[in-house]
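Peer 1: Supplied structure: input04.txt, compact mmCIF, C-alpha atoms.
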# COMPACT_ATOMS: atom_id res chain seq x y z
CA MET X 73 0.00 0.00 0.00
CA GLN X 74 1.37 3.36 -1.02
CA ALA X 75 0.68 6.02 1.61
CA ASN X 76 0.33 9.72 0.91
CA PRO X 77 0.81 11.63 4.19
CA GLU X 78 -1.07 14.61 2.74
CA PHE X 79 -4.35 12.68 3.02
CA MET X 80 -3.62 11.89 6.66
CA ARG X 81 -2.93 15.55 7.36
CA GLN X 82 -6.35 16.28 5.88
CA ALA X 83 -8.03 13.64 8.09
CA ILE X 84 -6.35 15.07 11.21
CA GLU X 85 -7.33 18.63 10.28
CA LEU X 86 -10.92 17.46 9.79
CA ALA X 87 -10.83 15.91 13.27
CA ASN X 88 -9.42 19.07 14.87
CA GLU X 89 -11.89 21.38 13.13
CA ASN X 90 -14.75 19.05 14.03
CA VAL X 91 -13.99 19.62 17.70
CA THR X 92 -13.34 23.36 17.59
CA SER X 93 -16.49 23.99 15.51
CA GLY X 94 -18.54 22.12 18.13
CA SER X 95 -19.67 19.55 15.56
CA GLY X 96 -18.61 16.41 17.44
CA GLY X 97 -15.82 14.12 18.52
CA PRO X 98 -12.12 14.31 17.54
CA PHE X 99 -12.22 12.03 14.53
CA GLY X 100 -11.87 12.62 10.78
CA ALA X 101 -11.56 10.35 7.74
CA VAL X 102 -10.77 10.69 4.05
CA ILE X 103 -11.50 8.11 1.32
CA VAL X 104 -9.12 7.99 -1.63
CA ARG X 105 -9.40 6.30 -5.01
CA ASP X 106 -6.78 6.49 -7.76
CA GLY X 107 -4.84 9.09 -5.78
CA ALA X 108 -7.76 11.49 -5.31
CA VAL X 109 -10.08 12.20 -2.38
CA ILE X 110 -13.61 11.03 -3.23
CA ALA X 111 -15.25 11.60 0.18
CA THR X 112 -14.59 12.84 3.69
CA GLY X 113 -16.30 12.38 7.04
CA ALA X 114 -16.14 13.64 10.60
CA ASN X 115 -17.78 12.38 13.75
CA CYS X 116 -21.31 13.76 14.19
CA VAL X 117 -22.72 11.46 16.88
CA THR X 118 -23.92 14.25 19.16
CA LYS X 119 -24.87 16.85 16.57
CA GLY X 120 -26.72 14.33 14.39
CA ASN X 121 -28.18 12.24 17.22
CA ASP X 122 -26.70 9.17 15.54
CA PRO X 123 -24.41 6.90 17.60
CA THR X 124 -23.27 5.22 14.36
CA ALA X 125 -22.06 8.49 12.80
CA HIS X 126 -18.36 7.92 13.37
CA ALA X 127 -15.97 9.60 10.92
CA GLU X 128 -15.27 6.42 8.93
CA VAL X 129 -18.95 5.46 8.68
CA VAL X 130 -19.89 9.00 7.59
CA ALA X 131 -17.13 8.97 4.95
CA ILE X 132 -18.22 5.53 3.68
CA ARG X 133 -21.86 6.66 3.42
CA ASN X 134 -20.82 9.82 1.58
CA ALA X 135 -18.56 7.93 -0.84
CA CYS X 136 -21.19 5.29 -1.61
CA ARG X 137 -23.91 7.89 -2.13
CA ASP X 138 -21.69 9.85 -4.54
CA LEU X 139 -20.57 6.75 -6.44
CA GLY X 140 -24.05 5.21 -6.48
CA SER X 141 -22.56 1.94 -5.26
CA PHE X 142 -22.54 -0.15 -2.10
CA SER X 143 -18.96 -1.25 -2.80
CA LEU X 144 -15.79 0.78 -2.28
CA GLU X 145 -13.46 -1.76 -3.85
CA GLY X 146 -10.33 0.02 -5.05
CA CYS X 147 -10.55 2.64 -2.30
CA VAL X 148 -8.43 3.19 0.81
CA ILE X 149 -9.35 5.12 3.95
CA TYR X 150 -7.15 7.53 5.89
CA THR X 151 -8.51 7.95 9.40
CA SER X 152 -7.19 10.16 12.19
CA CYS X 153 -7.54 7.23 14.62
CA GLU X 154 -7.52 3.45 14.35
CA PRO X 155 -11.09 2.37 13.53
CA CYS X 156 -13.30 1.07 16.36
CA PRO X 157 -14.83 -2.40 15.75
CA MET X 158 -17.97 -0.84 14.25
CA CYS X 159 -15.94 1.17 11.75
CA LEU X 160 -13.51 -1.66 11.01
CA ALA X 161 -16.40 -4.00 10.21
CA ALA X 162 -18.01 -1.26 8.09
CA ILE X 163 -14.74 -0.99 6.12
CA TYR X 164 -14.91 -4.76 5.49
CA TRP X 165 -18.57 -4.60 4.43
CA ALA X 166 -17.61 -1.77 2.03
CA ARG X 167 -14.89 -4.04 0.54
CA MET X 168 -12.18 -1.40 0.88
CA ASP X 169 -8.54 -2.12 -0.04
CA GLY X 170 -6.70 -0.68 2.95
CA ILE X 171 -6.58 1.47 6.05
CA PHE X 172 -4.12 4.14 7.21
CA PHE X 173 -4.47 5.48 10.75
CA SER X 174 -2.63 7.98 12.96
CA GLY X 175 -3.90 7.64 16.56
CA THR X 176 -4.42 4.24 18.18
CA ALA X 177 -7.25 2.61 20.16
CA ALA X 178 -5.09 3.18 23.25
CA ASP X 179 -4.85 6.92 22.48
CA ALA X 180 -8.66 6.99 22.13
CA ALA X 181 -9.06 5.12 25.43
CA ASP X 182 -6.83 7.69 27.18
CA ALA X 183 -9.23 10.39 25.97
CA GLY X 184 -12.25 8.51 27.36
CA PHE X 185 -13.47 6.65 24.27
CA ASP X 186 -14.53 2.99 24.35
CA ASP X 187 -12.62 1.66 21.33
CA ALA X 188 -10.18 -0.56 23.24
CA PHE X 189 -12.95 -1.79 25.57
CA LEU X 190 -15.09 -2.72 22.55
CA TYR X 191 -12.28 -4.77 20.98
CA ASP X 192 -12.08 -6.68 24.28
CA GLU X 193 -15.84 -7.16 24.44
CA LEU X 194 -16.11 -8.52 20.90
CA THR X 195 -13.47 -11.16 21.51
CA ARG X 196 -15.35 -12.44 24.58
CA PRO X 197 -17.85 -15.29 24.39
CA MET X 198 -21.38 -13.91 24.25
CA ARG X 199 -22.20 -14.94 27.84
CA ASP X 200 -19.28 -12.85 29.21
CA ARG X 201 -20.16 -9.58 27.50
CA SER X 202 -21.50 -6.59 29.42
CA ILE X 203 -24.62 -6.22 27.25
CA PRO X 204 -26.66 -9.44 27.63
CA SER X 205 -27.60 -11.38 24.48
CA GLU X 206 -30.23 -14.13 24.42
CA PRO X 207 -31.49 -16.42 21.68
CA LEU X 208 -35.25 -16.30 21.09
CA LEU X 209 -37.43 -18.27 18.64
CA LYS X 210 -34.31 -20.16 17.63
CA GLU X 211 -36.47 -22.58 15.66
CA ARG X 212 -37.22 -19.76 13.19
CA GLY X 213 -33.58 -18.64 12.93
CA ARG X 214 -33.01 -19.92 9.40
CA GLU X 215 -36.40 -18.91 7.99
CA SER X 216 -35.41 -15.52 6.53
CA PHE X 217 -32.28 -17.05 4.98
CA ASP X 218 -34.44 -19.70 3.30
CA VAL X 219 -36.64 -16.93 1.89
CA TRP X 220 -33.45 -15.20 0.65
CA ARG X 221 -32.04 -18.30 -1.03
CA SER X 222 -35.27 -18.95 -2.90
CA PHE X 223 -35.69 -15.33 -4.05
CA VAL X 224 -34.21 -15.47 -7.55
CA GLN X 225 -34.11 -11.69 -8.16
CA ARG X 226 -32.00 -11.08 -5.05
CA VAL X 227 -29.05 -8.66 -5.28
CA ASP X 228 -26.08 -10.29 -3.50
CA TYR X 229 -23.73 -8.04 -1.57
CA MET P 240 -34.11 -9.66 30.58
CA GLN P 241 -37.77 -10.32 29.92
CA ALA P 242 -38.35 -11.46 26.35
CA ASN P 243 -41.55 -10.94 24.39
CA PRO P 244 -41.60 -13.37 21.45
CA GLU P 245 -44.11 -11.17 19.64
CA PHE P 246 -41.38 -8.60 18.98
CA MET P 247 -39.13 -11.29 17.52
CA ARG P 248 -41.94 -12.45 15.24
CA GLN P 249 -42.17 -8.87 14.03
CA ALA P 250 -38.40 -8.70 13.38
CA ILE P 251 -38.52 -11.98 11.41
CA GLU P 252 -41.53 -10.82 9.37
CA LEU P 253 -39.68 -7.57 8.58
CA ALA P 254 -36.72 -9.64 7.36
CA ASN P 255 -38.90 -11.88 5.19
CA GLU P 256 -40.84 -8.98 3.66
CA ASN P 257 -37.59 -7.09 3.06
CA VAL P 258 -36.44 -9.92 0.79
CA THR P 259 -39.72 -10.55 -1.04
CA SER P 260 -40.25 -6.82 -1.69
CA GLY P 261 -36.79 -6.63 -3.26
CA SER P 262 -35.63 -4.08 -0.68
CA GLY P 263 -32.53 -5.89 0.54
CA GLY P 264 -31.05 -8.66 2.64
CA PRO P 265 -32.88 -11.05 4.99
CA PHE P 266 -32.53 -9.07 8.19
CA GLY P 267 -35.01 -7.17 10.36
CA ALA P 268 -34.81 -5.50 13.77
CA VAL P 269 -37.19 -3.96 16.28
CA ILE P 270 -36.26 -1.62 19.16
CA VAL P 271 -38.41 -1.77 22.29
CA ARG P 272 -38.64 0.55 25.28
CA ASP P 273 -41.03 0.08 28.20
CA GLY P 274 -42.74 -2.79 26.39
CA ALA P 275 -43.49 -0.85 23.21
CA VAL P 276 -41.84 -0.76 19.78
CA ILE P 277 -40.20 2.63 19.24
CA ALA P 278 -38.42 1.90 15.94
CA THR P 279 -37.86 -0.79 13.32
CA GLY P 280 -35.26 -1.38 10.63
CA ALA P 281 -34.55 -3.69 7.73
CA ASN P 282 -31.41 -4.17 5.67
CA CYS P 283 -31.17 -1.67 2.80
CA VAL P 284 -27.51 -2.02 1.78
CA THR P 285 -28.22 -2.55 -1.93
CA LYS P 286 -31.31 -0.37 -2.31
CA GLY P 287 -29.79 2.54 -0.38
CA ASN P 288 -26.21 2.11 -1.63
CA ASP P 289 -25.06 2.06 1.98
CA PRO P 290 -22.95 -0.89 3.18
CA THR P 291 -23.58 0.22 6.78
CA ALA P 292 -27.39 0.01 6.42
CA HIS P 293 -27.84 -3.27 8.27
CA ALA P 294 -31.19 -3.80 10.01
CA GLU P 295 -29.87 -3.02 13.50
CA VAL P 296 -28.03 0.14 12.37
CA VAL P 297 -31.12 1.35 10.49
CA ALA P 298 -33.31 0.71 13.55
CA ILE P 299 -30.83 2.51 15.86
CA ARG P 300 -30.71 5.54 13.53
CA ASN P 301 -34.50 5.64 13.33
CA ALA P 302 -34.93 5.33 17.11
CA CYS P 303 -32.34 8.05 17.84
CA ARG P 304 -33.83 10.39 15.26
CA ASP P 305 -37.32 9.97 16.73
CA LEU P 306 -36.14 10.34 20.33
CA GLY P 307 -33.81 13.24 19.51
CA SER P 308 -31.04 11.48 21.44
CA PHE P 309 -27.77 9.68 20.69
CA SER P 310 -28.41 7.28 23.59
CA LEU P 311 -30.79 4.33 23.64
CA GLU P 312 -30.30 3.52 27.30
CA GLY P 313 -33.33 1.63 28.56
CA CYS P 314 -33.98 0.04 25.16
CA VAL P 315 -33.54 -3.55 23.95
CA ILE P 316 -33.23 -4.76 20.37
CA TYR P 317 -34.90 -7.81 18.83
CA THR P 318 -33.03 -8.81 15.69
CA SER P 319 -33.82 -11.65 13.28
CA CYS P 320 -30.14 -12.67 13.32
CA GLU P 321 -27.24 -12.33 15.76
CA PRO P 322 -25.64 -8.91 15.12
CA CYS P 323 -22.46 -8.76 13.02
CA PRO P 324 -19.49 -7.00 14.69
CA MET P 325 -20.49 -3.66 13.12
CA CYS P 326 -24.01 -3.90 14.52
CA LEU P 327 -22.90 -5.27 17.88
CA ALA P 328 -20.49 -2.37 18.33
CA ALA P 329 -23.24 0.05 17.21
CA ILE P 330 -25.49 -1.42 19.94
CA TYR P 331 -22.73 -0.72 22.49
CA TRP P 332 -22.21 2.84 21.23
CA ALA P 333 -25.99 3.36 21.53
CA ARG P 334 -25.79 2.17 25.18
CA MET P 335 -28.61 -0.33 24.77
CA ASP P 336 -29.68 -2.67 27.60
CA GLY P 337 -29.92 -6.01 25.79
CA ILE P 338 -30.14 -8.06 22.61
CA PHE P 339 -32.49 -10.84 21.54
CA PHE P 340 -31.66 -12.73 18.35
CA SER P 341 -33.15 -15.65 16.40
CA GLY P 342 -30.66 -16.74 13.69
CA THR P 343 -26.95 -17.12 14.44
CA ALA P 344 -23.74 -15.94 12.74
CA ALA P 345 -23.33 -19.54 11.53
CA ASP P 346 -26.80 -19.47 9.91
CA ALA P 347 -25.81 -16.21 8.20
CA ALA P 348 -22.52 -17.74 7.02
CA ASP P 349 -24.42 -20.70 5.52
CA ALA P 350 -26.41 -18.20 3.47
CA GLY P 351 -23.24 -16.51 2.20
CA PHE P 352 -22.90 -13.60 4.64
CA ASP P 353 -19.58 -12.63 6.22
CA ASP P 354 -20.66 -12.29 9.87
CA ALA P 355 -18.70 -15.28 11.22
CA PHE P 356 -15.66 -14.38 9.08
CA LEU P 357 -15.73 -10.83 10.46
CA TYR P 358 -15.78 -12.05 14.08
CA ASP P 359 -12.65 -14.07 13.24
CA GLU P 360 -10.97 -11.12 11.54
CA LEU P 361 -11.58 -8.74 14.45
CA THR P 362 -9.99 -11.10 16.94
CA ARG P 363 -6.82 -11.34 14.83
CA PRO P 364 -3.82 -9.07 15.39
CA MET P 365 -3.87 -6.23 12.89
CA ARG P 366 -0.98 -7.66 10.82
CA ASP P 367 -2.89 -10.90 10.19
CA ARG P 368 -6.11 -9.35 8.90
CA SER P 369 -7.10 -9.57 5.24
CA ILE P 370 -7.50 -5.78 4.82
CA PRO P 371 -4.06 -4.23 5.46
CA SER P 372 -3.78 -1.51 8.13
CA GLU P 373 -0.76 0.77 8.48
CA PRO P 374 0.12 3.54 10.93
CA LEU P 375 0.94 6.89 9.35
CA LEU P 376 1.99 10.20 10.94
CA LYS P 377 1.99 8.40 14.27
CA GLU P 378 3.65 11.43 15.88
CA ARG P 379 0.38 13.35 15.37
CA GLY P 380 -1.83 10.52 16.70
CA ARG P 381 -2.76 12.24 19.97
CA GLU P 382 -3.17 15.74 18.54
CA SER P 383 -6.95 15.65 17.95
CA PHE P 384 -7.50 14.13 21.39
CA ASP P 385 -5.52 17.00 22.94
CA VAL P 386 -7.75 19.46 21.08
CA TRP P 387 -10.78 17.56 22.42
CA ARG P 388 -9.58 17.59 26.03
CA SER P 389 -8.95 21.33 25.96
CA PHE P 390 -12.31 22.17 24.33
CA VAL P 391 -14.42 23.05 27.36
CA GLN P 392 -17.80 23.15 25.55
CA ARG P 393 -17.40 19.57 24.30
CA VAL P 394 -20.43 17.23 24.50
CA ASP P 395 -19.17 13.88 25.82
CA TYR P 396 -20.80 10.73 24.44
Can the structure in the file be given as structure tokens, please?

Peer 2:
Amino acid sequence: MQANPEFMRQAIELANENVTSGSGGPFGAVIVRDGAVIATGANCVTKGNDPTAHAEVVAIRNACRDLGSFSLEGCVIYTSCEPCPMCLAAIYWARMDGIFFSGTAADAADAGFDDAFLYDELTRPMRDRSIPSEPLLKERGRESFDVWRSFVQRVDY
Amino acid sequence: MQANPEFMRQAIELANENVTSGSGGPFGAVIVRDGAVIATGANCVTKGNDPTAHAEVVAIRNACRDLGSFSLEGCVIYTSCEPCPMCLAAIYWARMDGIFFSGTAADAADAGFDDAFLYDELTRPMRDRSIPSEPLLKERGRESFDVWRSFVQRVDY
């Protein structure tokens, strides 16, 4: 992966400005394809009343909307801080090619964010996690997948 | 946690209808507070060109928008399938009280979805993951967090 530090500078500036403008948390992200920025994002959890609106997720949504595609194959993301598990999984679902980051989950933890805690939680067996999870109507668990498999016009993703 | 199977039936029906209407993947979710449904969601990754638009994320966004809050404390989610790592982390960020699920990550994997693969990936050290991650401008990694800490009007989340 060929890194261009200029894009990381842009992600960090986005993060800084996001804080000082009162828009949200200290996180910014830039999505690059073929050496050009195609989308940016900054954290707007509090301003947008959306706990999923982390910088990377916002940038992915913006890029996909502009490209008219649910795939970001061929794109890399520059993010001011190592992605949390939500954002990392979103990057996988978007089929991106690579990730550059400046701050780490430990840096985020020092500033009071849950990123490192969440990585711990997700590696725990379900019964040991702090938010309880329980199976319910297990006997119907495969029903929607059966409907999916038999729906011939389905769009795989 | 007190489960009400009726809410799970609703989540499964949402998932089934989402497929047969051509709207997206076989996933539905219902958010409940004080025994009443406050929001629902179904997968609209392909229709909405948004790889983050999983049922649980859509339901969380809808609930937060309607409540005018970035916290869903006091709420539980009924989802037709065990949340993927993105959705599980989103449930943590939304501060929800509990999760009920019908299908499992293994059921999803059998139908061609990456949920189980993603749980494996997230538990791997960064260098062993299939999407490469590289630090860049590490010396500036704490800068945005310093800006955050010194911004007195910040809204913590």

Peer 1: Let me make sure I understand: among X:Phe189, X:Ala183, X:Met73, X:Pro123, which one has the smallest atom-to-atom distance to Phe384 of chain P if we use all atoms listed in the file?

Peer 2: X:Ala183

Peer 1: Write out as a PDB file with C-alpha atoms, in the coordinates of the input each polymer residue whose atoms come within 9 Å of Gly267 of chain P, counting only C-alpha atoms; drop sequence neighbours fewer than 2 positions from it.

Peer 2:
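Result saved to result-v6.pdb:
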ATOM      1  CA  GLN P 249     -42.170  -8.870  14.030  1.00  0.00           C
ATOM      2  CA  ALA P 250     -38.400  -8.700  13.380  1.00  0.00           C
ATOM      3  CA  ILE P 251     -38.520 -11.980  11.410  1.00  0.00           C
ATOM      4  CA  GLU P 252     -41.530 -10.820   9.370  1.00  0.00           C
ATOM      5  CA  LEU P 253     -39.680  -7.570   8.580  1.00  0.00           C
ATOM      6  CA  ALA P 254     -36.720  -9.640   7.360  1.00  0.00           C
ATOM      7  CA  ASN P 255     -38.900 -11.880   5.190  1.00  0.00           C
ATOM      8  CA  ASN P 257     -37.590  -7.090   3.060  1.00  0.00           C
ATOM      9  CA  GLY P 264     -31.050  -8.660   2.640  1.00  0.00           C
ATOM     10  CA  PRO P 265     -32.880 -11.050   4.990  1.00  0.00           C
ATOM     11  CA  VAL P 269     -37.190  -3.960  16.280  1.00  0.00           C
ATOM     12  CA  THR P 279     -37.860  -0.790  13.320  1.00  0.00           C
ATOM     13  CA  GLY P 280     -35.260  -1.380  10.630  1.00  0.00           C
ATOM     14  CA  ALA P 281     -34.550  -3.690   7.730  1.00  0.00           C
ATOM     15  CA  ASN P 282     -31.410  -4.170   5.670  1.00  0.00           C
ATOM     16  CA  HIS P 293     -27.840  -3.270   8.270  1.00  0.00           C
ATOM     17  CA  ALA P 294     -31.190  -3.800  10.010  1.00  0.00           C
ATOM     18  CA  GLU P 295     -29.870  -3.020  13.500  1.00  0.00           C
ATOM     19  CA  ALA P 298     -33.310   0.710  13.550  1.00  0.00           C
ATOM     20  CA  TYR P 317     -34.900  -7.810  18.830  1.00  0.00           C
ATOM     21  CA  THR P 318     -33.030  -8.810  15.690  1.00  0.00           C
ATOM     22  CA  SER P 319     -33.820 -11.650  13.280  1.00  0.00           C
ATOM     23  CA  CYS P 320     -30.140 -12.670  13.320  1.00  0.00           C
TER      24      CYS P 320
END

Peer 1: Name the closest residue to Arg393 of chain P among the candidates X:Glu145, X:Pro157, X:Ser93, X:Asn76; distances are taken between atoms, counting all atoms listed in the file.

Peer 2: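 That would be X:Ser93, the residue with the smallest distance to Arg393 of chain P.
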
Peer 1: Compile the contact shell of Arg167 of chain X as a list in words: residues with an atom at most 6 Å away, counting all atoms listed in the file, same-chain residues fewer than 2 positions apart removed.

Peer 2: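 Contacts, with the query itself left out: Ser143, Leu144, Glu145, Tyr164 and Trp165 of chain X.
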
Peer 1: Output as a VMD selection string the set of chain X residues within 6 Å of chain P, with distances taken over all atoms listed in the file.

Peer 2: chain X and resid 88 98 121 to 124 133 136 141 to 142 158 161 to 162 165 to 166 170 to 175 195 203 to 210 213 to 214 216

Peer 1: Write out the coordinates of chain P as a short mmCIF file (atom, residue, chain, number, x, y, z; two decimals) with C-alpha atoms, keeping the file's coordinate frame after a least-squares overlay onto chain X built on all ordered Cα pairs.

Peer 2:
data_model
loop_
_atom_site.label_atom_id
_atom_site.label_comp_id
_atom_site.auth_asym_id
_atom_site.auth_seq_id
_atom_site.Cartn_x
_atom_site.Cartn_y
_atom_site.Cartn_z
CA MET P 240 -0.01 0.01 0.00
CA GLN P 241 1.37 3.38 -1.03
CA ALA P 242 0.68 6.02 1.60
CA ASN P 243 0.31 9.73 0.92
CA PRO P 244 0.80 11.64 4.19
CA GLU P 245 -1.06 14.62 2.76
CA PHE P 246 -4.33 12.69 3.01
CA MET P 247 -3.63 11.89 6.66
CA ARG P 248 -2.94 15.56 7.37
CA GLN P 249 -6.35 16.28 5.89
CA ALA P 250 -8.02 13.63 8.09
CA ILE P 251 -6.34 15.06 11.22
CA GLU P 252 -7.33 18.63 10.30
CA LEU P 253 -10.93 17.46 9.79
CA ALA P 254 -10.83 15.91 13.27
CA ASN P 255 -9.42 19.06 14.87
CA GLU P 256 -11.89 21.38 13.14
CA ASN P 257 -14.76 19.04 14.02
CA VAL P 258 -14.00 19.60 17.71
CA THR P 259 -13.35 23.36 17.59
CA SER P 260 -16.50 23.98 15.51
CA GLY P 261 -18.56 22.13 18.12
CA SER P 262 -19.68 19.54 15.57
CA GLY P 263 -18.62 16.42 17.43
CA GLY P 264 -15.82 14.12 18.50
CA PRO P 265 -12.13 14.31 17.53
CA PHE P 266 -12.22 12.03 14.52
CA GLY P 267 -11.86 12.63 10.78
CA ALA P 268 -11.55 10.36 7.74
CA VAL P 269 -10.76 10.71 4.06
CA ILE P 270 -11.50 8.13 1.32
CA VAL P 271 -9.11 8.00 -1.63
CA ARG P 272 -9.40 6.30 -5.01
CA ASP P 273 -6.79 6.50 -7.76
CA GLY P 274 -4.84 9.09 -5.78
CA ALA P 275 -7.75 11.49 -5.31
CA VAL P 276 -10.08 12.20 -2.38
CA ILE P 277 -13.60 11.04 -3.23
CA ALA P 278 -15.24 11.61 0.17
CA THR P 279 -14.58 12.85 3.70
CA GLY P 280 -16.29 12.39 7.04
CA ALA P 281 -16.12 13.65 10.59
CA ASN P 282 -17.78 12.38 13.75
CA CYS P 283 -21.31 13.77 14.19
CA VAL P 284 -22.72 11.46 16.87
CA THR P 285 -23.92 14.26 19.16
CA LYS P 286 -24.87 16.86 16.56
CA GLY P 287 -26.73 14.35 14.38
CA ASN P 288 -28.16 12.24 17.21
CA ASP P 289 -26.68 9.17 15.55
CA PRO P 290 -24.39 6.91 17.61
CA THR P 291 -23.27 5.22 14.37
CA ALA P 292 -22.06 8.50 12.81
CA HIS P 293 -18.35 7.93 13.37
CA ALA P 294 -15.97 9.61 10.91
CA GLU P 295 -15.27 6.44 8.92
CA VAL P 296 -18.97 5.47 8.67
CA VAL P 297 -19.89 9.01 7.58
CA ALA P 298 -17.13 8.98 4.94
CA ILE P 299 -18.22 5.53 3.67
CA ARG P 300 -21.86 6.67 3.39
CA ASN P 301 -20.82 9.83 1.55
CA ALA P 302 -18.53 7.94 -0.85
CA CYS P 303 -21.18 5.29 -1.63
CA ARG P 304 -23.88 7.91 -2.15
CA ASP P 305 -21.68 9.85 -4.57
CA LEU P 306 -20.55 6.75 -6.46
CA GLY P 307 -24.04 5.22 -6.50
CA SER P 308 -22.55 1.94 -5.28
CA PHE P 309 -22.54 -0.15 -2.09
CA SER P 310 -18.95 -1.24 -2.81
CA LEU P 311 -15.79 0.78 -2.28
CA GLU P 312 -13.46 -1.74 -3.86
CA GLY P 313 -10.33 0.03 -5.05
CA CYS P 314 -10.55 2.65 -2.29
CA VAL P 315 -8.42 3.20 0.82
CA ILE P 316 -9.35 5.14 3.95
CA TYR P 317 -7.13 7.54 5.89
CA THR P 318 -8.51 7.96 9.40
CA SER P 319 -7.18 10.16 12.20
CA CYS P 320 -7.53 7.24 14.63
CA GLU P 321 -7.51 3.44 14.35
CA PRO P 322 -11.09 2.37 13.52
CA CYS P 323 -13.29 1.06 16.35
CA PRO P 324 -14.83 -2.41 15.75
CA MET P 325 -17.97 -0.84 14.24
CA CYS P 326 -15.94 1.17 11.74
CA LEU P 327 -13.51 -1.65 11.00
CA ALA P 328 -16.39 -4.00 10.20
CA ALA P 329 -18.01 -1.24 8.09
CA ILE P 330 -14.74 -0.99 6.12
CA TYR P 331 -14.91 -4.75 5.49
CA TRP P 332 -18.57 -4.60 4.42
CA ALA P 333 -17.61 -1.77 2.03
CA ARG P 334 -14.89 -4.04 0.54
CA MET P 335 -12.18 -1.41 0.87
CA ASP P 336 -8.54 -2.11 -0.06
CA GLY P 337 -6.69 -0.68 2.95
CA ILE P 338 -6.57 1.49 6.05
CA PHE P 339 -4.12 4.15 7.20
CA PHE P 340 -4.47 5.47 10.74
CA SER P 341 -2.62 7.97 12.96
CA GLY P 342 -3.91 7.63 16.56
CA THR P 343 -4.42 4.23 18.17
CA ALA P 344 -7.26 2.60 20.15
CA ALA P 345 -5.11 3.17 23.26
CA ASP P 346 -4.86 6.92 22.49
CA ALA P 347 -8.65 6.98 22.13
CA ALA P 348 -9.08 5.11 25.43
CA ASP P 349 -6.84 7.68 27.18
CA ALA P 350 -9.24 10.37 25.98
CA GLY P 351 -12.25 8.50 27.36
CA PHE P 352 -13.47 6.63 24.27
CA ASP P 353 -14.53 2.98 24.37
CA ASP P 354 -12.62 1.66 21.33
CA ALA P 355 -10.18 -0.57 23.24
CA PHE P 356 -12.95 -1.78 25.58
CA LEU P 357 -15.09 -2.72 22.57
CA TYR P 358 -12.27 -4.77 20.99
CA ASP P 359 -12.08 -6.69 24.29
CA GLU P 360 -15.84 -7.17 24.45
CA LEU P 361 -16.10 -8.53 20.90
CA THR P 362 -13.47 -11.17 21.54
CA ARG P 363 -15.35 -12.45 24.60
CA PRO P 364 -17.86 -15.30 24.40
CA MET P 365 -21.38 -13.91 24.26
CA ARG P 366 -22.20 -14.93 27.86
CA ASP P 367 -19.30 -12.86 29.22
CA ARG P 368 -20.16 -9.59 27.50
CA SER P 369 -21.50 -6.61 29.43
CA ILE P 370 -24.62 -6.22 27.24
CA PRO P 371 -26.65 -9.44 27.64
CA SER P 372 -27.59 -11.39 24.49
CA GLU P 373 -30.21 -14.13 24.43
CA PRO P 374 -31.49 -16.43 21.69
CA LEU P 375 -35.24 -16.32 21.10
CA LEU P 376 -37.44 -18.27 18.66
CA LYS P 377 -34.32 -20.16 17.64
CA GLU P 378 -36.48 -22.60 15.66
CA ARG P 379 -37.22 -19.76 13.20
CA GLY P 380 -33.57 -18.64 12.93
CA ARG P 381 -33.01 -19.92 9.39
CA GLU P 382 -36.41 -18.92 8.00
CA SER P 383 -35.41 -15.53 6.53
CA PHE P 384 -32.29 -17.06 4.99
CA ASP P 385 -34.45 -19.71 3.31
CA VAL P 386 -36.64 -16.93 1.90
CA TRP P 387 -33.47 -15.20 0.66
CA ARG P 388 -32.07 -18.32 -1.02
CA SER P 389 -35.31 -18.96 -2.88
CA PHE P 390 -35.72 -15.34 -4.05
CA VAL P 391 -34.22 -15.49 -7.53
CA GLN P 392 -34.12 -11.71 -8.15
CA ARG P 393 -32.00 -11.11 -5.04
CA VAL P 394 -29.05 -8.68 -5.29
CA ASP P 395 -26.10 -10.31 -3.50
CA TYR P 396 -23.74 -8.03 -1.58
#

Peer 1: By how many Å are atom CA of Gln241 of chain P and atom CA of Val271 of chain P apart?

Peer 2: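 Interatomic distance here is 11.5 Å.
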
Peer 1: Rounded to one decimal, what separation in Å do you get between atom CA of Ala268 of chain P and atom CA of Ala101 of chain X?

Peer 2: 28.8 Å

Peer 1: For the atom pair atom CA of Ala111 of chain X and atom CA of Gly146 of chain X, what is the interatomic distance in Å to one decimal place?

Peer 2: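 Going from atom CA of Ala111 of chain X over to atom CA of Gly146 of chain X, I get 13.6 Å.
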
Peer 1: Please determine an axis-aligned box that encloses all atoms of segment 343-351 of chain P listed in the file, with 5 Å added on each side, and express its centre and edge lengths in Å to one decimal as lines of an AutoDock Vina configuration file.

Peer 2:
center_x = -24.7
center_y = -18.3
center_z = 8.3
size_x = 14.4
size_y = 14.8
size_z = 22.2
